[in-house]
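*Asks:* First, the structure itself, so that you have it in front of you.
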Protein chains: 2
Amino acid sequence: MAKATIDDVAHLAGVSIKTVSRVVNHEPNVRESTREKVEQAIARLNYRPNISARNLASHRSRLILLVYDDPAAYETPSSGYVIRMQQGTLKACKAAGYELLIHPCNYRDSDVEKDLRSLIERTRPDGVVIAAPLSNMPSIVSAIARTNTPYIRLSPGKSNAGEYSVATNDREVSAEMTRYLASLGHTRIGFIAGHPKHKAVANRLLGYKDGLKQSGLDFHEELVFAGDNSIASGSAGADELLGLADPPTAIFAANDDMAAGIIRVANRLGIDVPQQLSVAGFDDSSLARQIYPALTTVRQPLAEMAEAAALALFSENDEQMLQSGAQTVPGKLQVRESTGPAPG
Amino acid sequence: MAKATIDDVAHLAGVSIKTVSRVVNHEPNVRESTREKVEQAIARLNYRPNISARNLASHRSRLILLVYDDPAAYETPSSGYVIRMQQGTLKACKAAGYELLIHPCNYRDSDVEKDLRSLIERTRPDGVVIAAPLSNMPSIVSAIARTNTPYIRLSPGKSNAGEYSVATNDREVSAEMTRYLASLGHTRIGFIAGHPKHKAVANRLLGYKDGLKQSGLDFHEELVFAGDNSIASGSAGADELLGLADPPTAIFAANDDMAAGIIRVANRLGIDVPQQLSVAGFDDSSLARQIYPALTTVRQPLAEMAEAAALALFSENDEQMLQSGAQTVPGKLQVRESTGPAPG
DNA sequence: GTGAAAGCGCTAACAC
DNA sequence: GTGTTAGCGCTTTCAC
């Protein structure tokens, strides 16, 4: 049998199509008995509204677009990051009757902006969720803004007035991690900073400094290594920091991948973690629980952040919460096996 | 300015909308000069066809649905698996002008089938790509089949006649890995089998047996441990196998997660990998390069498989390749640090 | 080669 | 509360 249409339902229920439309869209002004008749007809015919027809008539696509930096494009292992964002966005979309379109893209490509613009013009999503680090890149954000599609930035690093964004408290929770390490007796705490384009990660360095100060510890330039979020840069940082005359007894990396790089080096050098060296990361990527020893890290509530972002997009469509501005979902310390009391 | 429609373009170019439609859809029977006029008008107006209108009129959605088991639902770390499938499917979709809808679902939920059916009825995708292990589950596959939407199964374990599927040569390449371990001098090679519901993984056990035979080695029941694809089961298997009176000097796990579990145990027990124990996995998940030592494994060409699947779906729409049946994309050995010559 | 007309299955605006 | 009408922006069919 061919798919039932709204007319079929209207006939069977003995009402007009407008009434069927009201029932389907949960609009008011329908008598309870009428509603029931219509619902029975819908069930009997297994009627499902045709999305294309609905979208055409209502000038909406009921599509949300999630754009993120493609982890597969250059062998970054942070696929858990993407999965968790997708999961959060999907949850909100599902609840609101939207579908999710995903779009991994490589910000190093010269034509990302054009690509993004073309995608949005073709698919006409009702909203766009922009993940970090794309959300930190002015040319990308403004390319999306120019399409006049509502958008929201995840972990934008620094939020602009009049723009909606969702972030975690990178700085505060990084300070907390640093204080935690200090509380274990560590006085020389190293830090491996993240990619400079990823602003939220830069906030973690500020938090590290805050934490040192709050613990009464001095900041030492030589204990900070400039990484780029990759495992390899974590290893390089560990090599440098551990080669110091007075090496740190704890190293805090601005993400889990770099922390994994530190642990690889420690394994290779025969340095026991956490006996001789404490290591902490940030993100609570799936990696954190997989490596040995399991990583002490910060759980970044990515799924929750993405969900909040999508929800904000929907309410923006409803013309409320228009100026809600920046929203924060706090991260939490996850203490595992890779940190312990300072040696000696 | 409001979005340009096909009428605007037709006016500007001085032709009928049907001609514009022909140009946009690359149909024949348009004079070259006319085509150029139309294309100029399209460019000037920055015209983009309205997808909803097009889909409504043509009875297609230009949507492909990718369904997979949700890695976030129960803390499985195999997000790289999902990302790579998404990537391959997206590539094929993009090339063909389709969009991709993703749908993670938990096969343990009692209402997956209903959920899936409802999703397909609502979104009306032109095709569905079903990932493993969902592709091995009769109730799920038949729920999708009943919607009369063309579908294709990835790594179905065993392919059905008249059904399209894409798999890798699990059995052959597992035999190859086993022969490789034997060639290093290992005579007692353990195997940690995967989840019984995941049939493709079961084929790896068969390959292991093949490889032993081809290397002139006897099969020993006690060297096989029944895992379930999780890291924990890999650890459990390692504990059991290494506790044997005559323990194996090499262990081949049916996936990378379980291999990681073996390495965790080895680390804990102070057993040097690969000096004292060789470990091999399967999948080449991102995990494989992250752990120390880096894992020798089999690169499963997931992105390529998913791409082939989506492409097959498109050609199926074009009513060709209808009975092409099962397709195979071969896996490749990735020798890294976790395997070496047998000790002694 | 090109065009006119008739929908596709809904929602929006307004009438009753 | 409920129904009528007029599109939304395309593709399809068929005529020329």
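Residue numbering restarts at 1 for every chain of the structure tokens, chains are lettered A, B, ... in their displayed order, and ligands are numbered from 1 as they appear.
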For chain B against chain D, with a cut-off of 9 Å and counting only C-alpha atoms (C1' of nucleotides), what is the closest atom pair and its distance in Å to one decimal for every residue that makes the cut, ordered by chain and number, as JSON lines?
*Replies:*
{"residue": "B:Thr5", "atom": "CA", "partner": "D:DG9", "partner_atom": "C1'", "distance": 6.9}
{"residue": "B:Ile6", "atom": "CA", "partner": "D:DG9", "partner_atom": "C1'", "distance": 7.2}
{"residue": "B:Asp7", "atom": "CA", "partner": "D:DG9", "partner_atom": "C1'", "distance": 8.6}
{"residue": "B:Lys18", "atom": "CA", "partner": "D:DT11", "partner_atom": "C1'", "distance": 8.7}
{"residue": "B:Ser21", "atom": "CA", "partner": "D:DT11", "partner_atom": "C1'", "distance": 8.2}
{"residue": "B:Pro49", "atom": "CA", "partner": "D:DC10", "partner_atom": "C1'", "distance": 7.9}
{"residue": "B:Asn50", "atom": "CA", "partner": "D:DG9", "partner_atom": "C1'", "distance": 6.6}
{"residue": "B:Ile51", "atom": "CA", "partner": "D:DC10", "partner_atom": "C1'", "distance": 8.3}
{"residue": "B:Ser52", "atom": "CA", "partner": "D:DC10", "partner_atom": "C1'", "distance": 8.1}
{"residue": "B:Ala53", "atom": "CA", "partner": "D:DC10", "partner_atom": "C1'", "distance": 4.6}
{"residue": "B:Arg54", "atom": "CA", "partner": "D:DC10", "partner_atom": "C1'", "distance": 4.7}
{"residue": "B:Asn55", "atom": "CA", "partner": "D:DC10", "partner_atom": "C1'", "distance": 7.9}
{"residue": "B:Leu56", "atom": "CA", "partner": "D:DC10", "partner_atom": "C1'", "distance": 7.6}
{"residue": "B:Ala57", "atom": "CA", "partner": "D:DT11", "partner_atom": "C1'", "distance": 5.0}
{"residue": "B:Ser58", "atom": "CA", "partner": "D:DT11", "partner_atom": "C1'", "distance": 5.6}
*Asks:* Keeping only N, CA and C atoms, write those residues as a short mmCIF file (atom, residue, chain, number, x, y, z; two decimals), in the first residue's frame.
*Replies:*
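Output file out-v4.cif is given in full below:
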data_model
loop_
_atom_site.label_atom_id
_atom_site.label_comp_id
_atom_site.auth_asym_id
_atom_site.auth_seq_id
_atom_site.Cartn_x
_atom_site.Cartn_y
_atom_site.Cartn_z
N THR B 5 14.29 31.81 -6.44
CA THR B 5 13.61 30.55 -6.77
C THR B 5 13.85 30.24 -8.24
N ILE B 6 13.34 29.12 -8.63
CA ILE B 6 13.54 28.70 -10.02
C ILE B 6 12.85 29.68 -10.98
N ASP B 7 11.79 30.30 -10.51
CA ASP B 7 11.09 31.28 -11.35
C ASP B 7 11.96 32.51 -11.61
N LYS B 18 11.14 24.90 -16.65
CA LYS B 18 11.52 23.53 -17.00
C LYS B 18 12.95 23.48 -17.54
N SER B 21 15.29 23.76 -14.73
CA SER B 21 15.33 22.47 -14.07
C SER B 21 16.25 21.52 -14.81
N PRO B 49 18.62 25.28 -5.45
CA PRO B 49 17.31 24.62 -5.46
C PRO B 49 16.84 24.35 -4.03
N ASN B 50 15.58 24.49 -3.81
CA ASN B 50 15.00 24.18 -2.50
C ASN B 50 14.83 22.67 -2.40
N ILE B 51 15.59 22.11 -1.47
CA ILE B 51 15.61 20.65 -1.35
C ILE B 51 14.24 20.08 -1.01
N SER B 52 13.51 20.75 -0.14
CA SER B 52 12.20 20.22 0.25
C SER B 52 11.27 20.17 -0.95
N ALA B 53 11.28 21.22 -1.73
CA ALA B 53 10.40 21.27 -2.90
C ALA B 53 10.80 20.17 -3.88
N ARG B 54 12.07 20.05 -4.09
CA ARG B 54 12.56 19.03 -5.00
C ARG B 54 12.19 17.64 -4.51
N ASN B 55 12.39 17.40 -3.24
CA ASN B 55 12.09 16.08 -2.70
C ASN B 55 10.60 15.78 -2.75
N LEU B 56 9.81 16.81 -2.46
CA LEU B 56 8.36 16.61 -2.47
C LEU B 56 7.89 16.21 -3.87
N ALA B 57 8.41 16.91 -4.86
CA ALA B 57 7.97 16.65 -6.22
C ALA B 57 8.53 15.34 -6.77
N SER B 58 9.71 14.98 -6.33
CA SER B 58 10.35 13.81 -6.93
C SER B 58 10.22 12.54 -6.10
#
*Asks:* Just list as a count of residues only whatever in range 158-272 of chain B DSSP marks as strand (DSSP E or B).
*Replies:* 15
*Asks:* Give me, as a VMD selection string, all polymer residues having an atom no more than 7 Å from range 269-285 of chain A, counting only C-alpha atoms (C1' of nucleotides) and skipping those fewer than 5 positions away in the same chain.
*Replies:* chain A and resid 80 to 81 249 to 256 259 295 to 300 338 to 340 343
*Asks:* Write down, as a VMD selection string, each residue of chain B that has any atom within 9 Å of an atom of chain A, counting only C-alpha atoms.
*Replies:* chain B and resid 48 to 57 61 70 to 72 75 to 84 87 90 99 to 104 118 121 to 124 231 257 260 to 261 263 to 264 267 to 268 285 to 287 289 to 293
*Asks:* Report, in Å to a single decimal, how far apart CA of Tyr164 in chain A and CA of Ala312 in chain A are.
*Replies:*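 Going from CA of Ala312 in chain A over to CA of Tyr164 in chain A covers 8.0 Å.
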*Asks:* Show which residues sit within 8 Å of Gly211 in chain A, as a list in words. Count only C-alpha atoms (C1' of nucleotides), and ignore same-chain residues fewer than 6 positions away.
*Replies:*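 These residues fall inside the cut-off: Ser174, Ala175, Glu176, Met177, Thr178 and Arg179 of chain A.
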*Asks:* Would you mind exporting N, CA and C atoms of the selected residues as a PDB file, in the first residue's frame?
*Replies:*
ATOM      1  N   SER A 174      40.809  23.930  35.771  1.00  0.00           N
ATOM      2  CA  SER A 174      42.251  23.700  35.625  1.00  0.00           C
ATOM      3  C   SER A 174      42.983  24.150  36.888  1.00  0.00           C
ATOM      4  N   ALA A 175      42.496  25.236  37.455  1.00  0.00           N
ATOM      5  CA  ALA A 175      43.064  25.700  38.715  1.00  0.00           C
ATOM      6  C   ALA A 175      42.832  24.642  39.793  1.00  0.00           C
ATOM      7  N   GLU A 176      41.651  24.045  39.743  1.00  0.00           N
ATOM      8  CA  GLU A 176      41.315  23.016  40.724  1.00  0.00           C
ATOM      9  C   GLU A 176      42.250  21.816  40.602  1.00  0.00           C
ATOM     10  N   MET A 177      42.510  21.403  39.373  1.00  0.00           N
ATOM     11  CA  MET A 177      43.413  20.276  39.151  1.00  0.00           C
ATOM     12  C   MET A 177      44.813  20.604  39.674  1.00  0.00           C
ATOM     13  N   THR A 178      45.238  21.821  39.415  1.00  0.00           N
ATOM     14  CA  THR A 178      46.568  22.240  39.855  1.00  0.00           C
ATOM     15  C   THR A 178      46.641  22.234  41.390  1.00  0.00           C
ATOM     16  N   ARG A 179      45.604  22.734  42.018  1.00  0.00           N
ATOM     17  CA  ARG A 179      45.566  22.721  43.493  1.00  0.00           C
ATOM     18  C   ARG A 179      45.581  21.284  44.010  1.00  0.00           C
TER      19      ARG A 179
END
*Asks:* Enumerate as a PyMOL selection string all residues of range 39-278 of chain A assigned to helix (DSSP H, G or I) by DSSP on the backbone, naming them with the chain letters and numbers the document uses.
*Replies:* chain A and resi 39-45+51-58+79-96+112-123+134-136+138-145+170-183+199-214+221-223+231-242+256-269
*Asks:* Which residues of chain C sit at most 10 Å from chain B, using only C-alpha atoms (C1' of nucleotides)? Give each one's shortest atom pair and distance in Å (one decimal place), in chain and ascending residue order, as a tab-separated table.
*Replies:*
residue	atom	partner	partner_atom	distance
C:DG1	C1'	B:Asn29	CA	5.6
C:DT2	C1'	B:Thr19	CA	7.0
C:DG3	C1'	B:Ser16	CA	6.1
C:DA4	C1'	B:Ser16	CA	9.2
C:DG7	C1'	B:Ala57	CA	8.2
C:DC8	C1'	B:Ala57	CA	4.6
C:DG9	C1'	B:Leu56	CA	7.6
C:DC10	C1'	B:Leu56	CA	9.6
